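Asks: Sharing upload-v2.pdb, PDB, C-alpha atoms, pLDDT in the B column:
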MODEL        1
ATOM      1  CA  MET A 296     129.451  62.653  67.234  1.00 55.00           C
ATOM      2  CA  SER A 297     129.894  61.174  70.678  1.00 76.00           C
ATOM      3  CA  LYS A 298     132.636  58.557  70.927  1.00 87.00           C
ATOM      4  CA  ASN A 299     133.125  55.819  73.446  1.00 94.00           C
ATOM      5  CA  ILE A 300     136.551  54.301  73.916  1.00 97.00           C
ATOM      6  CA  TYR A 301     136.564  51.262  76.156  1.00 98.00           C
ATOM      7  CA  ILE A 302     139.984  50.640  77.694  1.00 98.00           C
ATOM      8  CA  VAL A 303     140.207  46.985  78.678  1.00 98.00           C
ATOM      9  CA  ARG A 304     142.892  45.399  80.817  1.00 97.00           C
ATOM     10  CA  HIS A 305     143.393  41.828  79.641  1.00 97.00           C
ATOM     11  CA  CYS A 306     141.841  38.855  81.419  1.00 97.00           C
ATOM     12  CA  GLU A 307     143.696  36.663  83.937  1.00 96.00           C
ATOM     13  CA  ALA A 308     146.933  35.343  82.440  1.00 96.00           C
ATOM     14  CA  GLN A 309     149.510  32.680  83.227  1.00 95.00           C
ATOM     15  CA  GLY A 310     152.417  35.110  83.425  1.00 88.00           C
ATOM     16  CA  GLN A 311     154.077  38.344  82.334  1.00 88.00           C
ATOM     17  CA  PRO A 312     156.015  37.414  79.148  1.00 83.00           C
ATOM     18  CA  SER A 313     154.448  38.551  75.872  1.00 90.00           C
ATOM     19  CA  GLU A 314     153.625  34.955  74.910  1.00 93.00           C
ATOM     20  CA  SER A 315     151.811  34.160  78.184  1.00 94.00           C
ATOM     21  CA  GLN A 316     148.301  32.984  77.490  1.00 95.00           C
ATOM     22  CA  LEU A 317     145.138  33.226  79.520  1.00 97.00           C
ATOM     23  CA  THR A 318     144.424  30.871  82.386  1.00 97.00           C
ATOM     24  CA  GLU A 319     141.311  28.687  82.331  1.00 98.00           C
ATOM     25  CA  GLU A 320     139.598  31.413  84.380  1.00 97.00           C
ATOM     26  CA  GLY A 321     140.924  34.013  81.926  1.00 97.00           C
ATOM     27  CA  PHE A 322     139.235  32.238  79.005  1.00 98.00           C
ATOM     28  CA  LYS A 323     135.954  32.252  80.954  1.00 98.00           C
ATOM     29  CA  GLN A 324     136.437  35.972  81.597  1.00 98.00           C
ATOM     30  CA  ALA A 325     137.041  36.563  77.871  1.00 98.00           C
ATOM     31  CA  ALA A 326     133.697  34.890  77.076  1.00 97.00           C
ATOM     32  CA  GLU A 327     132.008  37.048  79.743  1.00 97.00           C
ATOM     33  CA  LEU A 328     133.665  40.129  78.234  1.00 97.00           C
ATOM     34  CA  ALA A 329     132.097  39.290  74.881  1.00 96.00           C
ATOM     35  CA  GLY A 330     128.732  39.014  76.640  1.00 96.00           C
ATOM     36  CA  PHE A 331     129.263  42.352  78.368  1.00 95.00           C
ATOM     37  CA  PHE A 332     129.781  44.091  75.020  1.00 96.00           C
ATOM     38  CA  SER A 333     127.003  42.186  73.196  1.00 92.00           C
ATOM     39  CA  ASN A 334     124.510  45.074  73.466  1.00 92.00           C
ATOM     40  CA  ILE A 335     126.989  47.711  72.301  1.00 94.00           C
ATOM     41  CA  GLN A 336     127.569  48.311  68.593  1.00 95.00           C
ATOM     42  CA  ILE A 337     131.372  47.973  68.567  1.00 96.00           C
ATOM     43  CA  ASN A 338     133.078  49.367  65.452  1.00 95.00           C
ATOM     44  CA  ARG A 339     136.759  48.646  66.113  1.00 97.00           C
ATOM     45  CA  ILE A 340     138.905  46.431  68.317  1.00 98.00           C
ATOM     46  CA  ILE A 341     142.552  47.407  68.841  1.00 98.00           C
ATOM     47  CA  SER A 342     144.867  45.234  70.938  1.00 98.00           C
ATOM     48  CA  SER A 343     148.330  44.982  72.361  1.00 98.00           C
ATOM     49  CA  PRO A 344     150.414  42.399  70.470  1.00 98.00           C
ATOM     50  CA  TYR A 345     150.737  40.306  73.653  1.00 98.00           C
ATOM     51  CA  LEU A 346     148.933  36.961  73.411  1.00 97.00           C
ATOM     52  CA  ARG A 347     146.926  37.454  76.629  1.00 97.00           C
ATOM     53  CA  ALA A 348     145.478  40.722  75.323  1.00 98.00           C
ATOM     54  CA  ILE A 349     144.508  39.215  71.963  1.00 98.00           C
ATOM     55  CA  GLN A 350     142.944  36.168  73.614  1.00 98.00           C
ATOM     56  CA  SER A 351     140.908  38.475  75.856  1.00 98.00           C
ATOM     57  CA  VAL A 352     138.966  39.858  72.864  1.00 98.00           C
ATOM     58  CA  GLU A 353     138.995  36.913  70.465  1.00 98.00           C
ATOM     59  CA  PRO A 354     135.503  35.733  71.512  1.00 98.00           C
ATOM     60  CA  LEU A 355     134.119  39.244  70.914  1.00 97.00           C
ATOM     61  CA  SER A 356     135.963  39.507  67.597  1.00 97.00           C
ATOM     62  CA  LYS A 357     134.446  36.210  66.449  1.00 97.00           C
ATOM     63  CA  GLU A 358     130.925  37.160  67.582  1.00 95.00           C
ATOM     64  CA  THR A 359     131.009  40.575  65.922  1.00 95.00           C
ATOM     65  CA  ASN A 360     133.151  39.601  62.922  1.00 96.00           C
ATOM     66  CA  ILE A 361     135.423  42.576  63.681  1.00 97.00           C
ATOM     67  CA  ARG A 362     139.108  42.037  62.953  1.00 97.00           C
ATOM     68  CA  ILE A 363     141.468  42.675  65.867  1.00 98.00           C
ATOM     69  CA  GLU A 364     143.915  45.428  64.924  1.00 98.00           C
ATOM     70  CA  ILE A 365     147.311  44.932  66.575  1.00 98.00           C
ATOM     71  CA  ASP A 366     149.123  48.049  67.770  1.00 98.00           C
ATOM     72  CA  ASP A 367     152.582  47.673  69.318  1.00 97.00           C
ATOM     73  CA  ARG A 368     152.121  50.943  71.216  1.00 97.00           C
ATOM     74  CA  LEU A 369     149.657  49.104  73.496  1.00 98.00           C
ATOM     75  CA  ALA A 370     152.295  46.641  74.742  1.00 97.00           C
ATOM     76  CA  GLU A 371     153.023  46.664  78.447  1.00 96.00           C
ATOM     77  CA  ARG A 372     155.604  49.105  79.687  1.00 94.00           C
ATOM     78  CA  THR A 373     159.088  47.757  80.293  1.00 93.00           C
ATOM     79  CA  LEU A 374     160.242  49.009  83.687  1.00 94.00           C
ATOM     80  CA  SER A 375     163.807  47.709  83.250  1.00 93.00           C
ATOM     81  CA  SER A 376     165.740  45.193  81.198  1.00 92.00           C
ATOM     82  CA  GLY A 377     167.429  43.969  84.370  1.00 89.00           C
ATOM     83  CA  ASP A 378     166.113  42.075  87.362  1.00 88.00           C
ATOM     84  CA  LEU A 379     164.827  44.457  90.029  1.00 88.00           C
ATOM     85  CA  PRO A 380     164.258  42.616  93.327  1.00 91.00           C
ATOM     86  CA  ASP A 381     162.622  45.778  94.685  1.00 94.00           C
ATOM     87  CA  TRP A 382     160.614  46.363  91.492  1.00 93.00           C
ATOM     88  CA  MET A 383     157.463  47.372  93.381  1.00 93.00           C
ATOM     89  CA  ASP A 384     159.275  50.264  95.089  1.00 95.00           C
ATOM     90  CA  LYS A 385     160.910  51.213  91.794  1.00 95.00           C
ATOM     91  CA  LEU A 386     157.541  51.189  90.031  1.00 95.00           C
ATOM     92  CA  LYS A 387     155.966  53.309  92.764  1.00 95.00           C
ATOM     93  CA  ALA A 388     158.709  55.922  92.313  1.00 96.00           C
ATOM     94  CA  THR A 389     157.843  56.238  88.610  1.00 95.00           C
ATOM     95  CA  TYR A 390     154.355  57.503  89.482  1.00 95.00           C
ATOM     96  CA  ASP A 391     155.898  60.402  91.409  1.00 93.00           C
ATOM     97  CA  ASP A 392     158.622  61.129  88.855  1.00 96.00           C
ATOM     98  CA  LEU A 393     157.321  60.596  85.318  1.00 96.00           C
ATOM     99  CA  GLU A 394     160.849  61.060  83.911  1.00 97.00           C
ATOM    100  CA  LEU A 395     162.453  58.369  86.108  1.00 97.00           C
ATOM    101  CA  LYS A 396     163.926  55.661  83.917  1.00 96.00           C
ATOM    102  CA  TYR A 397     165.739  52.445  84.778  1.00 96.00           C
ATOM    103  CA  GLU A 398     168.279  50.616  82.627  1.00 94.00           C
ATOM    104  CA  GLY A 399     166.665  49.305  79.451  1.00 95.00           C
ATOM    105  CA  GLY A 400     163.203  50.542  80.457  1.00 95.00           C
ATOM    106  CA  GLU A 401     160.774  53.318  79.660  1.00 96.00           C
ATOM    107  CA  SER A 402     159.907  56.299  81.787  1.00 97.00           C
ATOM    108  CA  SER A 403     156.267  56.723  82.764  1.00 96.00           C
ATOM    109  CA  ARG A 404     156.051  59.693  80.404  1.00 96.00           C
ATOM    110  CA  GLU A 405     157.375  57.676  77.432  1.00 97.00           C
ATOM    111  CA  ALA A 406     154.950  54.814  78.054  1.00 97.00           C
ATOM    112  CA  ARG A 407     152.044  57.180  78.692  1.00 96.00           C
ATOM    113  CA  ASP A 408     152.731  59.172  75.535  1.00 97.00           C
ATOM    114  CA  ARG A 409     152.605  56.113  73.282  1.00 97.00           C
ATOM    115  CA  ILE A 410     149.241  54.919  74.596  1.00 97.00           C
ATOM    116  CA  VAL A 411     147.817  58.459  74.590  1.00 96.00           C
ATOM    117  CA  ASN A 412     148.730  58.646  70.885  1.00 97.00           C
ATOM    118  CA  VAL A 413     146.633  55.532  70.235  1.00 97.00           C
ATOM    119  CA  ILE A 414     143.696  57.064  72.129  1.00 96.00           C
ATOM    120  CA  GLU A 415     143.934  60.404  70.331  1.00 94.00           C
ATOM    121  CA  GLU A 416     143.978  58.620  66.958  1.00 96.00           C
ATOM    122  CA  ALA A 417     140.925  56.619  68.038  1.00 95.00           C
ATOM    123  CA  PHE A 418     139.069  59.795  69.013  1.00 93.00           C
ATOM    124  CA  LYS A 419     139.805  61.208  65.535  1.00 93.00           C
ATOM    125  CA  SER A 420     138.633  58.068  63.712  1.00 93.00           C
ATOM    126  CA  ASP A 421     135.140  57.586  62.288  1.00 93.00           C
ATOM    127  CA  ALA A 422     134.373  54.699  64.649  1.00 93.00           C
ATOM    128  CA  LYS A 423     131.901  55.463  67.430  1.00 94.00           C
ATOM    129  CA  ASN A 424     132.546  52.581  69.859  1.00 96.00           C
ATOM    130  CA  ILE A 425     136.113  51.341  70.100  1.00 97.00           C
ATOM    131  CA  ILE A 426     137.640  48.710  72.353  1.00 98.00           C
ATOM    132  CA  ILE A 427     141.333  49.021  73.183  1.00 98.00           C
ATOM    133  CA  VAL A 428     142.949  46.099  75.006  1.00 98.00           C
ATOM    134  CA  THR A 429     146.146  46.656  76.940  1.00 97.00           C
ATOM    135  CA  HIS A 430     147.916  46.015  80.252  1.00 97.00           C
ATOM    136  CA  GLY A 431     147.736  47.267  83.810  1.00 95.00           C
ATOM    137  CA  ASN A 432     150.739  49.555  84.137  1.00 95.00           C
ATOM    138  CA  ILE A 433     150.370  51.332  80.811  1.00 96.00           C
ATOM    139  CA  MET A 434     146.597  51.535  81.312  1.00 97.00           C
ATOM    140  CA  SER A 435     147.135  53.228  84.674  1.00 96.00           C
ATOM    141  CA  LEU A 436     149.482  55.755  83.061  1.00 96.00           C
ATOM    142  CA  LEU A 437     146.829  56.505  80.447  1.00 96.00           C
ATOM    143  CA  LEU A 438     144.250  57.079  83.179  1.00 96.00           C
ATOM    144  CA  LYS A 439     146.734  59.288  85.050  1.00 94.00           C
ATOM    145  CA  ASN A 440     147.000  61.401  81.900  1.00 94.00           C
ATOM    146  CA  TYR A 441     143.292  62.245  82.127  1.00 92.00           C
ATOM    147  CA  GLN A 442     143.011  62.159  85.931  1.00 92.00           C
ATOM    148  CA  ASP A 443     146.267  63.270  87.549  1.00 90.00           C
ATOM    149  CA  SER A 444     145.360  61.785  90.927  1.00 92.00           C
ATOM    150  CA  PHE A 445     145.367  58.258  89.451  1.00 93.00           C
ATOM    151  CA  GLY A 446     148.489  56.681  90.888  1.00 93.00           C
ATOM    152  CA  PHE A 447     150.339  53.684  92.209  1.00 94.00           C
ATOM    153  CA  GLU A 448     147.612  52.570  94.641  1.00 95.00           C
ATOM    154  CA  ASP A 449     145.025  52.808  91.851  1.00 95.00           C
ATOM    155  CA  TRP A 450     147.261  50.630  89.670  1.00 95.00           C
ATOM    156  CA  LYS A 451     147.433  48.051  92.481  1.00 94.00           C
ATOM    157  CA  ASN A 452     143.615  48.027  92.589  1.00 95.00           C
ATOM    158  CA  LEU A 453     143.138  47.286  88.878  1.00 95.00           C
ATOM    159  CA  ARG A 454     141.499  43.951  88.127  1.00 96.00           C
ATOM    160  CA  ASN A 455     141.794  41.366  85.365  1.00 95.00           C
ATOM    161  CA  PRO A 456     139.836  42.192  83.350  1.00 96.00           C
ATOM    162  CA  ASP A 457     139.023  45.815  84.040  1.00 97.00           C
ATOM    163  CA  ILE A 458     137.164  48.277  81.834  1.00 97.00           C
ATOM    164  CA  PHE A 459     137.200  52.054  81.805  1.00 97.00           C
ATOM    165  CA  LEU A 460     135.113  54.184  79.473  1.00 97.00           C
ATOM    166  CA  LEU A 461     136.768  57.266  78.020  1.00 96.00           C
ATOM    167  CA  LYS A 462     134.584  60.055  76.648  1.00 92.00           C
ATOM    168  CA  ARG A 463     135.617  63.404  75.234  1.00 85.00           C
ATOM    169  CA  ASP A 464     133.447  66.447  75.889  1.00 79.00           C
ATOM    170  CA  GLU A 465     133.438  68.211  72.520  1.00 78.00           C
ATOM    171  CA  LYS A 466     132.715  71.637  74.052  1.00 82.00           C
ATOM    172  CA  THR A 467     135.526  71.637  76.613  1.00 82.00           C
ATOM    173  CA  ASP A 468     137.806  69.128  74.830  1.00 79.00           C
ATOM    174  CA  THR A 469     138.265  67.287  78.127  1.00 85.00           C
ATOM    175  CA  VAL A 470     138.363  63.527  78.474  1.00 90.00           C
ATOM    176  CA  THR A 471     136.697  61.723  81.358  1.00 89.00           C
ATOM    177  CA  ALA A 472     137.475  58.193  82.488  1.00 92.00           C
ATOM    178  CA  GLU A 473     134.949  56.076  84.348  1.00 93.00           C
ATOM    179  CA  ARG A 474     135.358  52.488  85.538  1.00 94.00           C
ATOM    180  CA  ILE A 475     132.411  50.516  84.229  1.00 93.00           C
ATOM    181  CA  ILE A 476     133.044  47.047  85.686  1.00 76.00           C
TER     182      ILE A 476
ENDMDL
END
Could you show the structure in this file as structure tokens?

Replies:
Amino acid sequence: MSKNIYIVRHCEAQGQPSESQLTEEGFKQAAELAGFFSNIQINRIISSPYLRAIQSVEPLSKETNIRIEIDDRLAERTLSSGDLPDWMDKLKATYDDLELKYEGGESSREARDRIVNVIEEAFKSDAKNIIIVTHGNIMSLLLKNYQDSFGFEDWKNLRNPDIFLLKRDEKTDTVTAERII
């Protein structure tokens, strides 16, 4: 059975904390997202516990009557527990060295491994069309897992929202990722 896993970066939000909600534009985007998926028979919706991720798929959940499953492994990666004035340079370095870890944070490999586990479980499930809602940095690490060339510049070019379709070729057991909006 062919499976489609739609990886969705949340809609435009008011900030970075876990309780940050969508902006007015973000709520419009969430309604458009529901419209985008209206012709696809979605079987499951799995989301980060962050409010902005949940709000991004609430309209779709209501339209399809599919409960949003919360999975903490989809939360955004913590780069550091401290303030990093040069955080952009520090983040860039973590794409070159997947083991690099700052105080109180996760390495790229640790963050990537937790989201890859969610994806692998989704591929093994009975559901055919699954939506997974997450965040930019961890999403980019997931995409890097399947396409090694995906890096820092690609992360910078992600949009809110953004959608990639993951498909596994059953014969070769390879996963492809394609941006679909």

Asks: If we count all atoms listed in the file and set the cut-off at 9 Å, which residues sit around Ser297 (chain A), ignoring sequence neighbours fewer than 2 positions away in its own chain? Please answer as a ChimeraX atom specification.

Replies: /A:299,423,462-465

Asks: Could you tell me which residues the PyMOL selection byres ((chain A and resi 344) around 9) grabs in this file, written as a PDB file with C-alpha atoms, keeping the file's coordinate frame?

Replies:
ATOM      1  CA  SER A 313     154.448  38.551  75.872  1.00 90.00           C
ATOM      2  CA  SER A 342     144.867  45.234  70.938  1.00 98.00           C
ATOM      3  CA  SER A 343     148.330  44.982  72.361  1.00 98.00           C
ATOM      4  CA  TYR A 345     150.737  40.306  73.653  1.00 98.00           C
ATOM      5  CA  LEU A 346     148.933  36.961  73.411  1.00 97.00           C
ATOM      6  CA  ARG A 347     146.926  37.454  76.629  1.00 97.00           C
ATOM      7  CA  ALA A 348     145.478  40.722  75.323  1.00 98.00           C
ATOM      8  CA  ILE A 349     144.508  39.215  71.963  1.00 98.00           C
ATOM      9  CA  ILE A 365     147.311  44.932  66.575  1.00 98.00           C
ATOM     10  CA  ASP A 366     149.123  48.049  67.770  1.00 98.00           C
ATOM     11  CA  ASP A 367     152.582  47.673  69.318  1.00 97.00           C
ATOM     12  CA  ARG A 368     152.121  50.943  71.216  1.00 97.00           C
ATOM     13  CA  LEU A 369     149.657  49.104  73.496  1.00 98.00           C
ATOM     14  CA  ALA A 370     152.295  46.641  74.742  1.00 97.00           C
ATOM     15  CA  THR A 429     146.146  46.656  76.940  1.00 97.00           C
TER      16      THR A 429
END

Asks: Hey, which of A:Leu374, A:Ile426, A:Ile363, A:Ala388 ends up closest to Gln350 (chain A)? Count all atoms listed in the file.

Replies: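 Closest candidate: A:Ile363.
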
Asks: Could you check which of A:Ser420, A:Ala326, A:Ser435, A:Ser351 is closest to Ala308 (chain A), using all atoms listed in the file?

Replies: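 Selected residue with least distance to Ala308 (chain A): A:Ser351.
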
Asks: I would like the residues chosen by the PyMOL selection byres ((chain A and resi 401) around 6) on the shown file; could you give them as a PyMOL selection string?

Replies: chain A and resi 373-374+396+400+402+405

Asks: So what do you get for CA of Phe322 (chain A) versus CA of Leu386 (chain A), distance-wise?

Replies: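 About the pair CA of Phe322 (chain A) and CA of Leu386 (chain A): they are 28.6 Å apart.
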
Asks: Can you measure CA of Tyr441 (chain A) to CA of Leu355 (chain A) for me? One decimal in Å is fine.

Replies: 27.2 Å

Asks: Just how far from CA of Ser315 (chain A) is CA of Arg407 (chain A), in Å to one decimal?

Replies: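 For CA of Arg407 (chain A) relative to CA of Ser315 (chain A), the distance reads 23.0 Å.
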
Asks: Fewer than 6 positions away in the same chain doesn't count, so skip those; otherwise give me all residues within 6 Å of Asn338 (chain A), counting only C-alpha atoms, as a PyMOL selection string.

Replies: chain A and resi 422+424-425

Asks: Keeping only C-alpha atoms, write those residues as an mmCIF file, in the coordinates of the input.

Replies:
data_model
loop_
_atom_site.group_PDB
_atom_site.id
_atom_site.type_symbol
_atom_site.label_atom_id
_atom_site.label_comp_id
_atom_site.auth_asym_id
_atom_site.auth_seq_id
_atom_site.Cartn_x
_atom_site.Cartn_y
_atom_site.Cartn_z
ATOM 1 C CA ALA A 422 134.373 54.699 64.649
ATOM 2 C CA ASN A 424 132.546 52.581 69.859
ATOM 3 C CA ILE A 425 136.113 51.341 70.100
#

Asks: Quick one: apply the PyMOL selection byres ((chain A and resi 327) around 12) to the file and drop the selected residues here as a list in words.

Replies: Cys306, Glu320, Gly321, Phe322, Lys323, Gln324, Ala325, Ala326, Leu328, Ala329, Gly330, Phe331, Phe332, Ser333, Ser351, Val352, Glu353, Pro354, Leu355, Pro456 and Ile476 of chain A

Asks: When distances are computed from all atoms listed in the file, which of A:Met383, A:Val428, A:Ile414, A:Ile433 shows the smallest separation from Lys298 (chain A)?

Replies: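 Smallest distance to Lys298 (chain A) is found for A:Ile414.
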
Asks: I'd like the neighbourhood of His430 (chain A) as number ranges by chain, where a residue qualifies if any of its atoms comes within 7 Å (using all atoms listed in the file), though same-chain residues fewer than 4 positions away should be ignored.

Replies: A: 304-305, 371, 434

Asks: Residues proximal to (128.5, 53.9, 83.6) were defined as those with any atom within 12 Å of that point in the file's coordinates, counting only C-alpha atoms. Which are they, as a PyMOL selection string?

Replies: chain A and resi 299+301+458-462+471-476

Asks: Which is closer to Asp392 (chain A) than all the others in A:Lys466, A:Arg339, A:Gly377, A:Phe447, using only C-alpha atoms?

Replies: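 Smallest distance to Asp392 (chain A) is found for A:Phe447.
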
Asks: Which centre and which edge lengths, in Å to one decimal, describe the axis-aligned box that holds all listed atoms of region 317-331 of chain A after 8 Å is added on each side, as JSON?

Replies:
{"center_x": 136.9, "center_y": 35.5, "center_z": 79.6, "size_x": 32.4, "size_y": 29.7, "size_z": 25.5}
